[in-house]
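The data block below is upload.cif; it holds mmCIF, C-alpha atoms.
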data_entry
loop_
_atom_site.label_atom_id
_atom_site.label_comp_id
_atom_site.auth_asym_id
_atom_site.auth_seq_id
_atom_site.Cartn_x
_atom_site.Cartn_y
_atom_site.Cartn_z
CA MET H 17 -64.49 -101.43 183.57
CA SER H 18 -61.31 -101.63 185.66
CA SER H 19 -59.94 -98.43 187.15
CA ALA H 20 -56.72 -98.89 185.17
CA VAL H 21 -58.63 -99.09 181.85
CA ALA H 22 -60.72 -96.08 182.86
CA GLY H 23 -57.49 -94.21 183.60
CA LEU H 24 -56.07 -95.13 180.18
CA LEU H 25 -59.20 -93.91 178.41
CA GLN H 26 -58.96 -90.69 180.38
CA ILE H 27 -55.40 -89.95 179.22
CA LEU H 28 -56.49 -90.73 175.64
CA ASP H 29 -59.35 -88.23 175.86
CA LEU H 30 -57.29 -85.24 174.77
CA GLU H 31 -58.35 -81.70 175.53
CA ARG H 32 -58.99 -79.62 172.40
CA LEU H 33 -57.30 -76.23 172.80
CA GLU H 34 -57.92 -74.88 169.30
CA VAL H 35 -58.44 -76.20 165.78
CA ASP H 36 -55.78 -78.93 165.28
CA LEU H 37 -54.25 -78.29 168.72
CA PHE H 38 -54.69 -80.71 171.63
CA ARG H 39 -53.37 -81.20 175.15
CA GLY H 40 -52.57 -84.60 176.67
CA ARG H 41 -51.71 -85.41 180.25
CA SER H 42 -49.67 -88.22 181.80
CA PRO H 43 -50.62 -90.45 184.73
CA GLN H 44 -48.69 -89.59 187.88
CA VAL H 45 -47.27 -93.03 188.66
CA GLY H 46 -43.72 -92.05 189.57
CA TRP H 47 -42.09 -92.73 186.19
CA GLN H 48 -39.11 -90.54 185.33
CA ARG H 49 -40.19 -90.19 181.70
CA VAL H 50 -43.38 -90.59 179.71
CA PHE H 51 -44.05 -94.13 178.44
CA GLY H 52 -43.50 -94.20 174.68
CA GLY H 53 -46.75 -96.06 174.00
CA GLN H 54 -48.66 -93.23 175.66
CA VAL H 55 -47.13 -90.64 173.31
CA ILE H 56 -47.84 -92.79 170.23
CA SER H 57 -51.46 -93.36 171.25
CA GLN H 58 -52.13 -89.72 172.17
CA ALA H 59 -50.61 -88.53 168.89
CA LEU H 60 -52.83 -90.99 167.03
CA VAL H 61 -55.90 -89.69 168.88
CA ALA H 62 -54.97 -86.12 167.93
CA ALA H 63 -54.61 -87.07 164.25
CA THR H 64 -57.81 -89.14 164.26
CA ARG H 65 -59.85 -86.24 165.62
CA THR H 66 -59.11 -84.27 162.44
CA VAL H 67 -60.29 -87.08 160.12
CA THR H 68 -63.87 -88.14 159.37
CA GLY H 69 -65.00 -91.55 158.15
CA ARG H 70 -61.58 -93.11 157.47
CA PRO H 71 -59.74 -95.48 159.81
CA VAL H 72 -55.98 -95.29 160.30
CA HIS H 73 -54.00 -97.75 158.20
CA SER H 74 -50.44 -96.79 159.12
CA LEU H 75 -48.35 -94.58 161.37
CA HIS H 76 -44.65 -93.82 161.60
CA GLY H 77 -43.28 -91.97 164.60
CA TYR H 78 -39.90 -90.78 165.90
CA PHE H 79 -38.98 -90.14 169.53
CA MET H 80 -36.64 -87.16 169.80
CA ARG H 81 -36.58 -86.30 173.51
CA PRO H 82 -37.76 -88.05 176.68
CA GLY H 83 -41.17 -86.85 177.78
CA ASP H 84 -41.65 -85.11 181.12
CA PRO H 85 -44.63 -86.70 182.94
CA SER H 86 -45.04 -83.69 185.23
CA VAL H 87 -46.29 -81.36 182.48
CA PRO H 88 -48.84 -81.76 179.65
CA ILE H 89 -47.87 -82.63 176.09
CA ILE H 90 -49.20 -80.33 173.36
CA TYR H 91 -50.08 -82.13 170.11
CA GLU H 92 -50.08 -80.00 166.96
CA VAL H 93 -51.72 -81.56 163.88
CA ASP H 94 -50.81 -80.59 160.33
CA ARG H 95 -53.47 -81.53 157.75
CA ILE H 96 -51.07 -82.51 154.98
CA ARG H 97 -53.57 -84.01 152.54
CA ASP H 98 -57.23 -84.92 152.18
CA GLY H 99 -57.44 -87.05 149.04
CA GLY H 100 -60.17 -89.08 147.41
CA SER H 101 -59.14 -92.30 149.19
CA PHE H 102 -56.34 -91.37 151.60
CA THR H 103 -55.89 -88.73 154.30
CA THR H 104 -52.46 -87.83 155.68
CA ARG H 105 -51.68 -86.08 158.97
CA ARG H 106 -48.46 -84.98 160.64
CA VAL H 107 -48.42 -84.62 164.44
CA ARG H 108 -45.81 -83.01 166.69
CA GLY H 109 -45.75 -83.60 170.43
CA ILE H 110 -44.30 -80.56 172.21
CA GLN H 111 -43.03 -79.97 175.76
CA HIS H 112 -41.00 -77.07 177.17
CA GLY H 113 -41.08 -75.41 173.73
CA ALA H 114 -39.42 -78.32 171.89
CA ALA H 115 -40.65 -81.35 169.95
CA ILE H 116 -40.37 -84.64 171.81
CA PHE H 117 -42.17 -86.77 169.19
CA SER H 118 -43.08 -86.53 165.51
CA MET H 119 -45.51 -88.79 163.68
CA GLU H 120 -47.14 -89.12 160.30
CA ALA H 121 -50.34 -91.15 160.01
CA SER H 122 -52.34 -92.20 156.98
CA PHE H 123 -56.06 -92.96 156.89
CA HIS H 124 -57.79 -94.96 154.15
CA ILE H 125 -61.41 -95.60 153.19
CA ARG H 126 -62.52 -99.24 153.42
CA GLU H 127 -61.98 -100.94 150.06
CA ASP H 128 -62.14 -104.52 148.75
CA GLY H 129 -59.06 -106.00 147.10
CA LEU H 130 -56.73 -108.98 146.81
CA GLU H 131 -56.10 -110.71 150.14
CA HIS H 132 -53.46 -113.00 151.62
CA GLN H 133 -51.63 -113.19 154.93
CA MET H 134 -48.83 -115.04 156.66
CA PRO H 135 -50.04 -117.90 158.89
CA MET H 136 -50.30 -117.43 162.63
CA PRO H 137 -47.40 -119.20 164.39
CA GLU H 138 -48.03 -122.22 166.56
CA THR H 139 -48.63 -121.11 170.11
CA THR H 140 -50.36 -121.88 173.40
CA ALA H 141 -53.89 -120.57 173.84
CA PRO H 142 -54.17 -117.80 176.47
CA GLU H 143 -56.71 -119.84 178.46
CA LEU H 144 -54.03 -122.51 178.99
CA LEU H 145 -51.46 -120.02 180.29
CA PRO H 146 -51.25 -118.77 183.87
CA GLY H 147 -53.05 -115.49 184.51
CA GLU H 148 -51.37 -112.52 186.12
CA ALA H 149 -52.46 -113.50 189.63
CA GLU H 150 -50.92 -116.95 189.20
CA LEU H 151 -47.76 -115.53 187.65
CA LYS H 152 -47.34 -113.10 190.52
CA ALA H 153 -47.80 -115.84 193.11
CA LYS H 154 -45.33 -118.16 191.33
CA PHE H 155 -42.57 -115.81 190.20
CA LEU H 156 -42.63 -112.45 191.96
CA SER H 157 -41.23 -113.63 195.28
CA LYS H 158 -38.05 -114.64 193.40
CA ALA H 159 -37.91 -111.62 191.12
CA PRO H 160 -35.69 -108.53 191.60
CA PRO H 161 -37.40 -105.52 193.22
CA ASN H 162 -37.72 -103.55 189.96
CA VAL H 163 -39.42 -106.53 188.25
CA ARG H 164 -41.79 -106.96 191.21
CA HIS H 165 -42.70 -103.26 191.15
CA TYR H 166 -43.49 -103.43 187.41
CA TRP H 167 -45.79 -106.45 187.70
CA GLU H 168 -47.49 -105.66 191.03
CA ARG H 169 -49.25 -102.44 190.14
CA GLU H 170 -52.65 -102.46 188.45
CA ARG H 171 -52.31 -102.04 184.69
CA PRO H 172 -54.80 -101.48 181.86
CA ILE H 173 -53.18 -104.15 179.66
CA GLU H 174 -53.03 -107.80 180.70
CA MET H 175 -50.07 -109.69 179.23
CA ARG H 176 -49.67 -113.46 179.23
CA PRO H 177 -46.21 -114.41 177.94
CA VAL H 178 -46.10 -117.85 176.37
CA ASP H 179 -42.65 -118.21 177.98
CA PHE H 180 -42.06 -116.26 181.20
CA ASP H 181 -38.58 -117.62 182.00
CA HIS H 182 -36.79 -114.85 180.11
CA TYR H 183 -37.70 -112.37 182.84
CA LEU H 184 -36.03 -114.51 185.49
CA SER H 185 -32.89 -115.89 183.82
CA ARG H 186 -29.74 -114.80 182.01
CA HIS H 187 -29.84 -117.59 179.43
CA ARG H 188 -29.26 -116.55 175.83
CA ARG H 189 -32.08 -117.63 173.55
CA GLU H 190 -33.54 -117.00 170.12
CA ALA H 191 -34.64 -113.39 169.68
CA ASN H 192 -38.37 -113.99 169.47
CA GLN H 193 -41.29 -114.11 171.86
CA GLN H 194 -45.06 -114.49 171.94
CA VAL H 195 -47.27 -112.54 174.33
CA TRP H 196 -51.06 -112.57 174.51
CA VAL H 197 -52.43 -109.09 175.24
CA ARG H 198 -55.83 -107.58 176.01
CA THR H 199 -57.26 -104.82 178.16
CA THR H 200 -58.25 -105.66 181.71
CA GLY H 201 -61.78 -104.41 181.05
CA ALA H 202 -64.26 -103.85 178.25
CA LEU H 203 -63.78 -100.94 175.85
CA PRO H 204 -66.36 -98.87 173.95
CA ASP H 205 -67.25 -100.13 170.47
CA ASP H 206 -65.47 -97.22 168.73
CA PRO H 207 -62.73 -98.70 166.43
CA ASP H 208 -60.67 -95.52 166.82
CA ILE H 209 -60.39 -96.18 170.55
CA HIS H 210 -59.26 -99.76 169.93
CA ALA H 211 -56.61 -98.50 167.49
CA ALA H 212 -55.29 -95.97 170.03
CA VAL H 213 -55.26 -98.51 172.89
CA LEU H 214 -53.37 -101.02 170.76
CA ALA H 215 -50.87 -98.31 169.80
CA TYR H 216 -50.35 -97.83 173.54
CA ALA H 217 -49.92 -101.57 174.19
CA SER H 218 -47.68 -102.22 171.18
CA ASP H 219 -44.67 -100.52 172.80
CA PHE H 220 -44.59 -102.63 175.97
CA THR H 221 -42.55 -105.69 174.97
CA LEU H 222 -41.24 -105.03 171.46
CA LEU H 223 -37.75 -103.67 172.21
CA ASP H 224 -37.28 -106.30 174.93
CA THR H 225 -37.16 -108.93 172.16
CA ALA H 226 -33.77 -107.63 170.97
CA LEU H 227 -32.25 -108.52 174.34
CA PHE H 228 -33.18 -112.21 174.30
CA ALA H 229 -30.12 -113.20 172.24
CA HIS H 230 -27.87 -111.55 174.83
CA GLY H 231 -29.44 -112.95 177.99
CA ARG H 232 -30.44 -109.44 179.04
CA SER H 233 -33.67 -107.74 180.09
CA VAL H 234 -35.22 -104.27 180.04
CA PHE H 235 -34.98 -104.41 183.82
CA ASP H 236 -31.15 -104.50 183.75
CA LYS H 237 -29.98 -101.29 185.36
CA ASP H 238 -26.65 -101.24 183.49
CA LEU H 239 -28.42 -100.80 180.14
CA GLN H 240 -29.78 -97.58 178.69
CA LEU H 241 -32.87 -98.40 176.63
CA ALA H 242 -35.17 -96.09 174.69
CA SER H 243 -37.50 -96.34 171.71
CA LEU H 244 -36.13 -94.38 168.74
CA ASP H 245 -38.97 -94.91 166.29
CA HIS H 246 -42.19 -96.91 166.00
CA ALA H 247 -44.31 -97.95 163.04
CA MET H 248 -47.68 -99.68 162.78
CA TRP H 249 -49.77 -100.97 159.90
CA PHE H 250 -53.44 -101.65 160.61
CA HIS H 251 -54.65 -104.40 158.28
CA ALA H 252 -58.10 -105.44 159.50
CA PRO H 253 -60.62 -104.66 162.27
CA PHE H 254 -59.96 -105.99 165.79
CA ARG H 255 -60.85 -105.52 169.43
CA VAL H 256 -58.23 -105.02 172.13
CA ASP H 257 -60.59 -106.21 174.87
CA ASP H 258 -60.35 -109.64 173.19
CA TRP H 259 -57.09 -111.58 173.20
CA LEU H 260 -54.48 -110.74 170.56
CA LEU H 261 -51.28 -112.75 170.06
CA TYR H 262 -48.27 -110.44 169.78
CA ALA H 263 -45.59 -112.47 167.95
CA GLN H 264 -42.29 -110.56 168.00
CA ASP H 265 -38.77 -111.09 166.70
CA SER H 266 -35.51 -109.16 166.42
CA PRO H 267 -33.56 -109.75 163.18
CA TYR H 268 -30.62 -107.54 164.13
CA THR H 269 -28.89 -105.74 166.99
CA GLY H 270 -25.76 -103.63 166.52
CA GLY H 271 -24.34 -100.12 166.66
CA ALA H 272 -26.08 -99.55 170.03
CA ARG H 273 -29.48 -100.12 168.33
CA GLY H 274 -31.87 -103.06 168.20
CA PHE H 275 -34.43 -103.67 165.45
CA CYS H 276 -37.66 -105.52 166.26
CA ARG H 277 -40.81 -106.58 164.41
CA GLY H 278 -44.23 -107.65 165.61
CA SER H 279 -47.38 -109.28 164.23
CA LEU H 280 -50.71 -109.23 166.04
CA PHE H 281 -53.19 -112.04 165.44
CA THR H 282 -56.72 -112.71 166.65
CA PRO H 283 -57.24 -116.12 168.32
CA ASP H 284 -58.76 -117.47 165.08
CA GLY H 285 -55.54 -116.65 163.20
CA ARG H 286 -56.31 -113.36 161.43
CA LEU H 287 -53.33 -111.01 161.06
CA VAL H 288 -54.72 -107.59 162.04
CA VAL H 289 -51.72 -105.35 162.79
CA SER H 290 -47.97 -105.32 162.07
CA THR H 291 -45.38 -103.29 163.98
CA ALA H 292 -41.70 -102.39 163.71
CA GLN H 293 -39.38 -100.52 166.02
CA GLU H 294 -35.74 -99.59 166.41
CA GLY H 295 -34.52 -98.77 169.88
CA LEU H 296 -31.40 -97.54 171.62
CA ILE H 297 -29.55 -100.30 173.49
CA ARG H 298 -26.48 -98.82 175.13
CA ARG H 299 -24.42 -99.83 178.11
CA ALA H 300 -25.04 -97.18 180.74
CA ARG H 301 -22.09 -94.87 181.13
CA PRO H 302 -20.70 -94.78 184.68
CA LYS H 303 -21.45 -91.59 186.54
CA SER H 304 -18.36 -89.45 187.16
#
When written as structure tokens, how does the structure in this file appear?
Amino acid sequence: MSSAVAGLLQILDLERLEVDLFRGRSPQVGWQRVFGGQVISQALVAATRTVTGRPVHSLHGYFMRPGDPSVPIIYEVDRIRDGGSFTTRRVRGIQHGAAIFSMEASFHIREDGLEHQMPMPETTAPELLPGEAELKAKFLSKAPPNVRHYWERERPIEMRPVDFDHYLSRHRREANQQVWVRTTGALPDDPDIHAAVLAYASDFTLLDTALFAHGRSVFDKDLQLASLDHAMWFHAPFRVDDWLLYAQDSPYTGGARGFCRGSLFTPDGRLVVSTAQEGLIRRARPKS
């Protein structure tokens, strides 16, 4: 297991303070605010630890304040309902006495039923794409310093964009992208861990998709970007230490917000998870 994956599993192993009360910590990597995917995944872990025998099937979360990575986040779970087939939990992430994140998650027993799915889009297999070492050697010497810093450090999630040019150009293009994702090391067999790790990974590239139509990037320092909400629907079992294709698009951007959608497929074409997110996209106000 890579040290980055081990570090991710460590931040997902929340400390139980009391019944339905948990404490999560942030990695000290110099970020000014807590990564949104970390908050989503830790909140999901907190909710999951109050449920027995039912996997998560959906979550809906709202970001209300930026997280402070220098102090722990307290996750408070409200057991809203334990029904015959469904279990519902509400989670609040709290720092400095105020909520920074709120989420509701629903858990469902495994049942058989009608089945259909949208087809997996045509794509390039991850084995045919350059790995991170090759991408770094080819592109990073030409990339801006903030892009180099992002890609150079060891990360728990490997990403192989089908098209990497967006990160290096200002060309306007269709607001969609495909990225293969997987962890950089093996994970335990626990499906709850795979769900939490994918919740973490799902926030990396989604909002970036809204910028494609404008020839912009999340690395542009004159833009203020932040996730406002995040939703996930878990359709079928999967493993995050195997490749998953993250197909993303952005149907609309306006009013200083961008709306994005994502579909995650296994290499054999099974749709396993869907995502949606709206994010703040605002021109940074000049400092007075």
* **the PyMOL selection byres ((chain H and resi 255-268) around 6) resolved against shown file, as a ChimeraX atom specification** => /H:191-199,202,210,225-226,254,269,275-282
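With distances taken over all atoms listed in the file, H:Glu120 is the one residue among H:Glu190, H:Glu120, H:Asp84, H:Asp208 lying closest to Arg97 of chain H.
One distance worth recording is that between atom CA of Val67 of chain H and atom CA of Asp206 of chain H, which is 14.3 Å.
With distances restricted to all atoms listed in the file, H:Val213 is the closest residue to Gln58 of chain H from H:His187, H:Val213, H:Val178, H:Gly83.
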* Asked: Where does the PyMOL selection byres ((chain H and resi 102-119) around 8) land in this file, that is, which residues does it pick, as number ranges by chain?
  -> H: 55, 59, 62-63, 67, 70, 75-84, 87-101, 120-125
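For the structure in this document, the set picked by the PyMOL selection byres ((chain H and resi 295) around 9) is Leu223, Ala226, Leu241, Ala242, Ser243, Leu244, Asp245, His246, Ala272, Arg273, Gly274, Phe275, Cys276, Gln293, Glu294, Leu296 and Ile297 of chain H.
In this model, the gap between atom CA of Gln54 of chain H and atom CA of Arg286 of chain H comes to 25.8 Å.
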* In Å to one decimal, how far is atom CA of Thr291 of chain H from atom CA of His251 of chain H? -> 10.9 Å
* Residue nearest Gln44 of chain H among H:Thr139, H:Thr221, H:Ser18, H:Ser86 (counting all atoms listed in the file) -> H:Ser86
* To do: Might you pull out every residue within 8 Å of Leu30 of chain H, with only C-alpha atoms counted and same-chain residues fewer than 6 positions away left off, and present them as a ChimeraX atom specification?
  => /H:38-41,58,61-62
* So, counting all atoms listed in the file, which residue among H:Ile209, H:Arg299, H:Met248, H:Glu127 is closest to Gln26 of chain H? -> H:Ile209
* To do: Name all residues at most 10 Å from Glu170 of chain H (count all atoms listed in the file; drop same-chain ones fewer than 4 positions away) and give them as a PyMOL selection string.
  => chain H and resi 18-21+166+174+200
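Shortest atom-to-atom contact with Thr66 of chain H among H:Ala247, H:Val50, H:Leu227, H:Leu37: H:Leu37, counting all atoms listed in the file.
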* Structure fact -> Counting only C-alpha atoms, closest pick from H:Phe250, H:Gly52, H:Ser57, H:Thr64 relative to Leu28 of chain H is H:Ser57
